Structure formats: structure tokens, C-alpha cells
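One structure is given below, encoded as C-alpha cells.
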Amino acid sequence: MSSRFDVWAPRAETLSLLVDGTAQKMTQGDGGWWTAPDGVSATTATDDVDYGYLVNGSDSPVPDPRSRRQPGGVHGLSRTFDPAAHKWQDQGWVSPGPNGGVIYEMHLGTFTPEGTLDAAIGRLDYLVELGIQYVELLPVNAFNGTHNWGYDGVLWYAVQENYGGPAAYQRFVDAAHQKGLGVIQDVVYNHLGPSGNYLGQFGPYLTEGKSNTWGDSLNLDGPLSDEVRRYVIENVLMWLRDYHVDGLRLDAVHALHDERAVHILEEFAAETDALAAELGKPLFLIAESDLNNPRLIQARGVNGYGLAGQWSDDFHHAVHVNLTGETEGYYADFDSVGALAKVLEKGFFHNGTYSSFRERHHGREIDVERVTPLQLVVCTQNHDQIGNRAAGDRISATLNTAQLAQAAVLNLAGPFTPMLFMGEEYGARTPWPFFTSHPEPELGKATAEGRLREFERMGWKPEDVPNPQEPSTFESAKLDWSELGNQEQGRLLETYRTLIRLRRDRPELREPDFAGISVEYSDDERWLVLHRGRTAVVLNLSDQLRTVPLRAVDAEVLLSTVDGVGLLEDTVQLPPHASLILAL
């Protein structure tokens, strides 16, 4: 009979369990699994205890690979946690699934001054009033230090103590559901952080020689990889089952090296669908991928992976270039209104075309008979696109209110599933730079130097890059909620609320069919008209008055972001940076 202390450790020759200060020899079983003495398992069956493992006679205990709590940090002892102890009150919550509702990307450490799950609960009513459908939390798994983006986690089953730990996480999800908000959790399976990773002492979790941008890749297809895959799959199911999360965002799946006939992403999707059937509610997975490969979101019955959705960075790049004029690095190919039009109609810009940044052809065309536009999650700002800029500056640092409104219109009235990054809805002026808190000086220095090298291809100056290790860099990223009192920012917030309400109330704006999308545009005059059934989204992306050919004299104005719009017999006159939504 298995116990809470059983651990997979095929690399261990001897293994002892240190529980409440007492070391107990463990017994090796089949398949590399070790079991604690029956007496230890029985006496600690219900009480929460601190424990760790002594591998091969070591005097220094290491955490449980499946630890649920790390109250002393990732180098300390694990603590047991019973997820069934929480008394859930979300029985009235019915998830709509991935239906095109608005997603709100949130970093817990910078969303509120306190930076905790309980503090974030206090802001949920604001998100309800805004019209958000899902809150997407950046990774919360345990990392070394006091603050981090979340992608340096080393214990995937544990919730970071700074945020409140696993009990606070359950309270957050419960509170969100009771207010009609779903929760998506961002998870990282492509690498482990640089400090606190002890998995290699237990077994071959990583594959040396198959590295990605962040280090050694997860062992998904090498010797003993069956248990590694179960380790990750059971983590997926943990969030969905024990924490009532509605969906997961899978970080950078292009960095998952897997040459098996059944890819790990397909297994994720199959296991998630099975759990959804068991629980009787929708559960879903959304991949972050820069492959522009629609196979990820095609059904398994047609040799797809069966994921519910994937990010499309091409939308961000096309909008960003057309609003800011930046064309450095990977933005170069998107320097036209036509590029934006193609993304709106086809989903991907690079769908088999040449990518100048990659110096090769990239992507694949979407089969519109098998994929819907709502399966593509898009944004005009997110943690990566802001934080991976030299200064971590938002577009609100350079664009005026009318241009920020255009970004909102393209996102929220566009054909895809829109995601906002926290604070963008009111044009937050706080930056969101990359920040870390590595306690090891040499690691902190290496991180700061690595950031400078990353920015070389984008042409950004080293002096513009804040030191990620400086506490002030982290503090600068915290939202300043007093900005809501600013008149211009309040006006932008109202535009977002109106757009989200229109998206909810007009079915055409959530139509799951590429056939219902058509675009007219002028590269020379820089205007664009997006047709969604009898709804027209009209934008003047230039800084000059433009006359757009569109019969709108009898149209109803659903939204106008600037004054001075003229509806004539066969044309629409738009002031600079104007956005207009019409019911024709």
C-alpha cells in the first residue's frame, strides 16, 4: 500500500526519510519506487509534518519532488498538505469552457501592494465589473528567493509560500468561482529554475545534451521517461482536480523535446479530457507556442494534439508594429497594414512564409475547417512582450490614449480569444521589467549579464536595461492603483468596459468561424475595416484625417473612441488614430 512519503528514486542506492527530525530507512520496491516504514506512514497519516529525504547517506535532506509546501524555501524541508481539507463553496460555478471570453493575465506579486493570493481576492470585484471571464495566473510553483516572474520554479507541486501557499490558492480559486470568474494557471514543464533543483538526485528527470534556451530539457523520451511523464501528467491533473482550476496555460511547448509517437501534449490533452468527463465539467489546455503549427489545436482524430487553444504571437507583432512603428528584430516582417489584415483573416502571418528574423520559412496554414479563430489566444501586451523589452516599458509609455484604444479595439473586437495584461485596461504607466531575487550572488550576476546578451538582436542599449536583481526593479513593476483616478486613464478604462460588453452582447464578435471574417485596408493611407457579419470595425492607423470607403450613413455607432467622426453616404471620415465600431 502506497503512502504519502513514497518517492521515485531509481538513482538512489540508499534512501532515508527524515520526518519530524527522525531518520527512517526506506525500502526499495519495483520500478525505482521507495516506500517508508508502515509505522511512519500510519502515525503521520493526517497531521501535517515537515520531512525530507537523505539520499545515499547524505546528512543534508532534500525536498520531496512532489512537495505540496516549502515553508522554509526550496532548499528546506517539505511539509505535507491535505488538499481535501478545504471546504469548497463553488458548487454554483459552471465553467463556460474556452468560449472566447476575455482572459486577464495576472502576476500575483505585482498585482497588489501585498503581492499575495488573499490580497488579490480583494480585487476580484474590479475584474467582474470590467467583464473578465478568466483570470490567468503567472506561475506560482515554488522558486528560490522572495520575488520572481515565476518561470524559475523548481518544485512544480508546491505553491510559493510568499503568495500564501496552497491553502491560500484554494481560497483564491473558490472566491473567483463564487464571483463568476474562471481561473487558468500558467505552468512550466520545459525547464527547471537554476537554484533548488534536486530532482537529479532522485532520477533522470532531465536529459543532458538536449537543452533549450533555459537549460536541460525534461526527459520525455529517454530511458526511464515513463515515470517522468507520469510526474508531469499528474501535476496537470493536480491543478485541475485538487485546486479546481478550469484550465492551464502550458509555457513554451516548443521547448518540450519529445520524439515519441504519442507526444506529451497529446497525452496532456487526453488525460485532461478524461478528467473533465469524470468530473462532469469543462477543463482545457492552452499552449504557448511560437511554432505557428495548427496541429497543436486540431482534434486527435485527425492526428492533432487536441489542445483547446494556443497563443498567436503574430497578432501581437502586427498590432504592435502598426501602432508603434517599431520594426527591429522579429517585428520587421509585420511592417504593413496588410500584415495585420492577413493575421485577422488567416490567424497566422507566418503560415509557411519566410521569416527574416529566423532566416528561414516558418509556420503552417490553418485549416479553417478544423480550427476556429477562438482557439487562438491573442493580446496586444503580455508579460513577455513587456518584460522582455529593455526597460520593461508598456505601450502606454509611448502611445496616446486614442492609440491605446485602437489596441483594445483590435483585441476585443477581433476574431480571436482576447487576453489583457494586468493594468493595460487603464493604461498603467508602471513598467513591468524582468526581475529576480536569486540569493546566490554569482547567479544574480549571471542573470543580469544574460539579459544584456538577449537584447543585442533587438538593438536596445545596455544602459536602458534595469538590473533584475535590484529590489527597486521589482517594486517598480507593482501596479499603482491610484492611477485609476486620472481622467485619461479612466476614459480608457471605460472604453475597455464598453468593448468587453459589446463582445459579450453581440454574437458576431464571438463567431467561431474564419468564414465570417473579411478585411479591407489601404497600406498607403493606413486604414483598415474588419467585417464581422453586420458589424464593422473601422480604424485609422495614421496621423492624418482619412476617408474610408464604407456605406454607413444609416449605421448605428456602437463605439467611437475620438470625436469628429463623419458618416457620409458612401464613406466614413476618421480623424487621426480613430476607432469606430458600427452596426450596419
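Identifiers in this document derive from the order of the C-alpha cells: chains are assigned A, B, ..., residues are numbered from 1 separately in each chain, and ligands are numbered from 1 in order of occurrence.
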Pull the strand (DSSP E) assignments for region 117-210 of chain A out of DSSP run on the backbone, and list those residues as a PyMOL selection string.
chain A and resi 134-137+141-142+155-159+182-187+206-210
What's around Val548 (chain A) at 8 Å? Count only C-alpha atoms, leave out sequence neighbours fewer than 2 positions away in its own chain, and write the answer as a list in words.
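Contacts, with the query itself left out: Trp527, Arg546, Leu550, Thr571, Val572, Gln573 and Leu574 of chain A.
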For the residues selected in the previous step, produce a file with N, CA, C and O atoms as an mmCIF file, in the first residue's frame.
```cif
data_model
loop_
_atom_site.group_PDB
_atom_site.id
_atom_site.type_symbol
_atom_site.label_atom_id
_atom_site.label_comp_id
_atom_site.auth_asym_id
_atom_site.auth_seq_id
_atom_site.Cartn_x
_atom_site.Cartn_y
_atom_site.Cartn_z
ATOM 1 N N TRP A 527 -5.544 52.697 -43.304
ATOM 2 C CA TRP A 527 -6.828 52.435 -42.654
ATOM 3 C C TRP A 527 -7.183 50.962 -42.848
ATOM 4 O O TRP A 527 -6.656 50.288 -43.730
ATOM 5 N N ARG A 546 -8.575 60.610 -42.586
ATOM 6 C CA ARG A 546 -8.742 59.662 -43.688
ATOM 7 C C ARG A 546 -10.223 59.488 -44.030
ATOM 8 O O ARG A 546 -11.091 59.538 -43.152
ATOM 9 N N LEU A 550 -16.948 53.169 -47.196
ATOM 10 C CA LEU A 550 -17.839 52.273 -46.457
ATOM 11 C C LEU A 550 -19.209 52.918 -46.388
ATOM 12 O O LEU A 550 -19.346 54.057 -45.936
ATOM 13 N N THR A 571 -18.990 56.884 -47.496
ATOM 14 C CA THR A 571 -17.666 56.948 -46.873
ATOM 15 C C THR A 571 -17.792 57.255 -45.382
ATOM 16 O O THR A 571 -18.830 57.735 -44.914
ATOM 17 N N VAL A 572 -16.720 56.998 -44.698
ATOM 18 C CA VAL A 572 -16.593 57.360 -43.285
ATOM 19 C C VAL A 572 -15.338 58.212 -43.143
ATOM 20 O O VAL A 572 -14.259 57.817 -43.609
ATOM 21 N N GLN A 573 -15.478 59.364 -42.513
ATOM 22 C CA GLN A 573 -14.328 60.219 -42.270
ATOM 23 C C GLN A 573 -13.820 59.987 -40.847
ATOM 24 O O GLN A 573 -14.569 60.116 -39.881
ATOM 25 N N LEU A 574 -12.543 59.634 -40.769
ATOM 26 C CA LEU A 574 -11.963 59.303 -39.486
ATOM 27 C C LEU A 574 -10.817 60.246 -39.156
ATOM 28 O O LEU A 574 -9.863 60.361 -39.932
#
```
Work out how far CA of Phe348 (chain A) is from CA of Ala583 (chain A), in Å to one decimal.
27.1 Å
Of the candidates A:His316, A:Leu124, A:Asp226, A:Val236, which shows the shortest atom-to-atom distance to Thr112 (chain A), using only C-alpha atoms?
A:Leu124
Skipping near chain neighbours, those fewer than 5 positions away, what residues fall within 9 Å of Gly352 (chain A) using only C-alpha atoms, listed as number ranges by chain?
A: 292, 361-365
Within 10 Å of Pro98 (chain A), counting only C-alpha atoms, which residues qualify if same-chain residues fewer than 3 places away don't, as a list in words?
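Here the qualifying residues turn out to be Ser95, Gly101, Val102, Ile103, Gln133, Tyr134, Asp246, Gly247, Pro282, Leu283, Phe284, Leu285, Ile286, Ala308, Gly309, Leu374, Gln375, Val377 and Thr417 of chain A.
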I need the chosen residues saved as a compact mmCIF listing (two decimals), in the first residue's frame, with all heavy atoms.
```
# COMPACT_ATOMS: atom_id res chain seq x y z
N SER A 95 -18.30 26.44 -15.46
CA SER A 95 -17.32 26.97 -16.40
C SER A 95 -17.90 27.00 -17.82
O SER A 95 -18.48 26.01 -18.27
CB SER A 95 -16.05 26.13 -16.39
OG SER A 95 -15.20 26.50 -17.46
N GLY A 101 -14.30 34.18 -24.16
CA GLY A 101 -14.36 35.19 -23.11
C GLY A 101 -12.99 35.78 -22.83
O GLY A 101 -11.96 35.18 -23.11
N VAL A 102 -12.98 36.96 -22.22
CA VAL A 102 -11.74 37.71 -22.04
C VAL A 102 -10.91 37.11 -20.89
O VAL A 102 -11.42 36.86 -19.80
CB VAL A 102 -12.04 39.19 -21.76
CG1 VAL A 102 -10.73 39.98 -21.59
CG2 VAL A 102 -12.87 39.79 -22.88
N ILE A 103 -9.61 36.93 -21.16
CA ILE A 103 -8.65 36.43 -20.19
C ILE A 103 -7.85 37.60 -19.64
O ILE A 103 -7.49 38.52 -20.39
CB ILE A 103 -7.71 35.39 -20.83
CG1 ILE A 103 -8.52 34.20 -21.39
CG2 ILE A 103 -6.67 34.89 -19.84
CD1 ILE A 103 -7.70 33.26 -22.26
N GLN A 133 -13.64 37.09 -17.99
CA GLN A 133 -14.16 35.73 -17.87
C GLN A 133 -13.20 34.82 -17.12
O GLN A 133 -13.61 34.02 -16.28
CB GLN A 133 -14.42 35.14 -19.26
CG GLN A 133 -15.00 33.73 -19.26
CD GLN A 133 -16.36 33.66 -18.61
OE1 GLN A 133 -17.35 34.03 -19.20
NE2 GLN A 133 -16.42 33.22 -17.36
N TYR A 134 -11.89 34.94 -17.43
CA TYR A 134 -10.89 34.08 -16.79
C TYR A 134 -9.71 34.91 -16.29
O TYR A 134 -9.20 35.78 -17.00
CB TYR A 134 -10.34 33.04 -17.77
CG TYR A 134 -11.31 31.94 -18.11
CD1 TYR A 134 -11.98 31.92 -19.33
CD2 TYR A 134 -11.57 30.90 -17.22
CE1 TYR A 134 -12.88 30.91 -19.65
CE2 TYR A 134 -12.46 29.89 -17.53
CZ TYR A 134 -13.11 29.90 -18.74
OH TYR A 134 -13.99 28.89 -19.05
N ASP A 246 -9.71 25.80 -13.86
CA ASP A 246 -10.52 25.48 -15.04
C ASP A 246 -9.68 25.11 -16.25
O ASP A 246 -10.11 24.33 -17.11
CB ASP A 246 -11.40 26.69 -15.39
CG ASP A 246 -12.32 27.05 -14.25
OD1 ASP A 246 -13.31 26.32 -14.04
OD2 ASP A 246 -12.05 28.05 -13.56
N GLY A 247 -8.48 25.68 -16.33
CA GLY A 247 -7.62 25.40 -17.47
C GLY A 247 -6.18 25.73 -17.15
O GLY A 247 -5.88 26.39 -16.15
N PRO A 282 -16.20 21.29 -17.97
CA PRO A 282 -15.16 21.59 -18.95
C PRO A 282 -13.81 21.83 -18.28
O PRO A 282 -13.73 22.51 -17.26
CB PRO A 282 -15.66 22.87 -19.64
CG PRO A 282 -17.11 22.96 -19.30
CD PRO A 282 -17.28 22.30 -17.96
N LEU A 283 -12.76 21.28 -18.86
CA LEU A 283 -11.38 21.55 -18.48
C LEU A 283 -10.60 21.71 -19.77
O LEU A 283 -10.90 21.03 -20.76
CB LEU A 283 -10.80 20.40 -17.65
CG LEU A 283 -11.49 20.07 -16.33
CD1 LEU A 283 -10.93 18.76 -15.76
CD2 LEU A 283 -11.33 21.19 -15.31
N PHE A 284 -9.62 22.58 -19.79
CA PHE A 284 -8.97 22.85 -21.07
C PHE A 284 -7.51 23.25 -20.90
O PHE A 284 -7.08 23.68 -19.82
CB PHE A 284 -9.71 23.94 -21.85
CG PHE A 284 -9.90 25.24 -21.09
CD1 PHE A 284 -8.96 26.24 -21.16
CD2 PHE A 284 -11.03 25.44 -20.30
CE1 PHE A 284 -9.12 27.43 -20.47
CE2 PHE A 284 -11.21 26.63 -19.60
CZ PHE A 284 -10.24 27.63 -19.69
N LEU A 285 -6.75 23.08 -21.99
CA LEU A 285 -5.33 23.40 -22.03
C LEU A 285 -5.06 24.36 -23.19
O LEU A 285 -5.57 24.16 -24.30
CB LEU A 285 -4.49 22.14 -22.23
CG LEU A 285 -4.67 21.03 -21.20
CD1 LEU A 285 -3.81 19.82 -21.59
CD2 LEU A 285 -4.32 21.50 -19.80
N ILE A 286 -4.26 25.40 -22.91
CA ILE A 286 -3.88 26.38 -23.92
C ILE A 286 -2.36 26.41 -23.97
O ILE A 286 -1.70 26.59 -22.95
CB ILE A 286 -4.43 27.77 -23.59
CG1 ILE A 286 -5.96 27.75 -23.59
CG2 ILE A 286 -3.91 28.81 -24.58
CD1 ILE A 286 -6.59 29.02 -23.06
N ALA A 308 -7.01 22.75 -26.50
CA ALA A 308 -8.15 23.65 -26.72
C ALA A 308 -7.75 24.92 -27.43
O ALA A 308 -8.55 25.52 -28.17
CB ALA A 308 -8.82 23.98 -25.39
N GLY A 309 -6.52 25.38 -27.20
CA GLY A 309 -6.10 26.64 -27.81
C GLY A 309 -4.60 26.81 -27.78
O GLY A 309 -3.87 26.03 -27.17
N LEU A 374 -11.44 31.25 -32.38
CA LEU A 374 -11.46 31.37 -30.92
C LEU A 374 -10.42 30.47 -30.25
O LEU A 374 -10.13 30.63 -29.06
CB LEU A 374 -12.85 31.05 -30.37
CG LEU A 374 -13.98 31.99 -30.79
CD1 LEU A 374 -15.28 31.58 -30.12
CD2 LEU A 374 -13.64 33.44 -30.45
N GLN A 375 -9.84 29.54 -31.01
CA GLN A 375 -8.79 28.69 -30.45
C GLN A 375 -7.44 29.41 -30.39
O GLN A 375 -6.50 28.90 -29.79
CB GLN A 375 -8.65 27.40 -31.26
CG GLN A 375 -9.80 26.43 -31.08
CD GLN A 375 -9.62 25.17 -31.89
OE1 GLN A 375 -10.05 25.08 -33.05
NE2 GLN A 375 -8.96 24.19 -31.31
N VAL A 377 -5.41 32.41 -28.87
CA VAL A 377 -5.42 33.41 -27.80
C VAL A 377 -4.43 34.50 -28.18
O VAL A 377 -3.26 34.22 -28.47
CB VAL A 377 -5.04 32.78 -26.45
CG1 VAL A 377 -4.95 33.83 -25.36
CG2 VAL A 377 -6.06 31.70 -26.07
N THR A 417 -9.61 34.88 -29.28
CA THR A 417 -9.86 34.99 -27.84
C THR A 417 -8.89 36.01 -27.26
O THR A 417 -7.67 35.82 -27.32
CB THR A 417 -9.66 33.63 -27.15
OG1 THR A 417 -10.69 32.73 -27.58
CG2 THR A 417 -9.77 33.78 -25.63
```
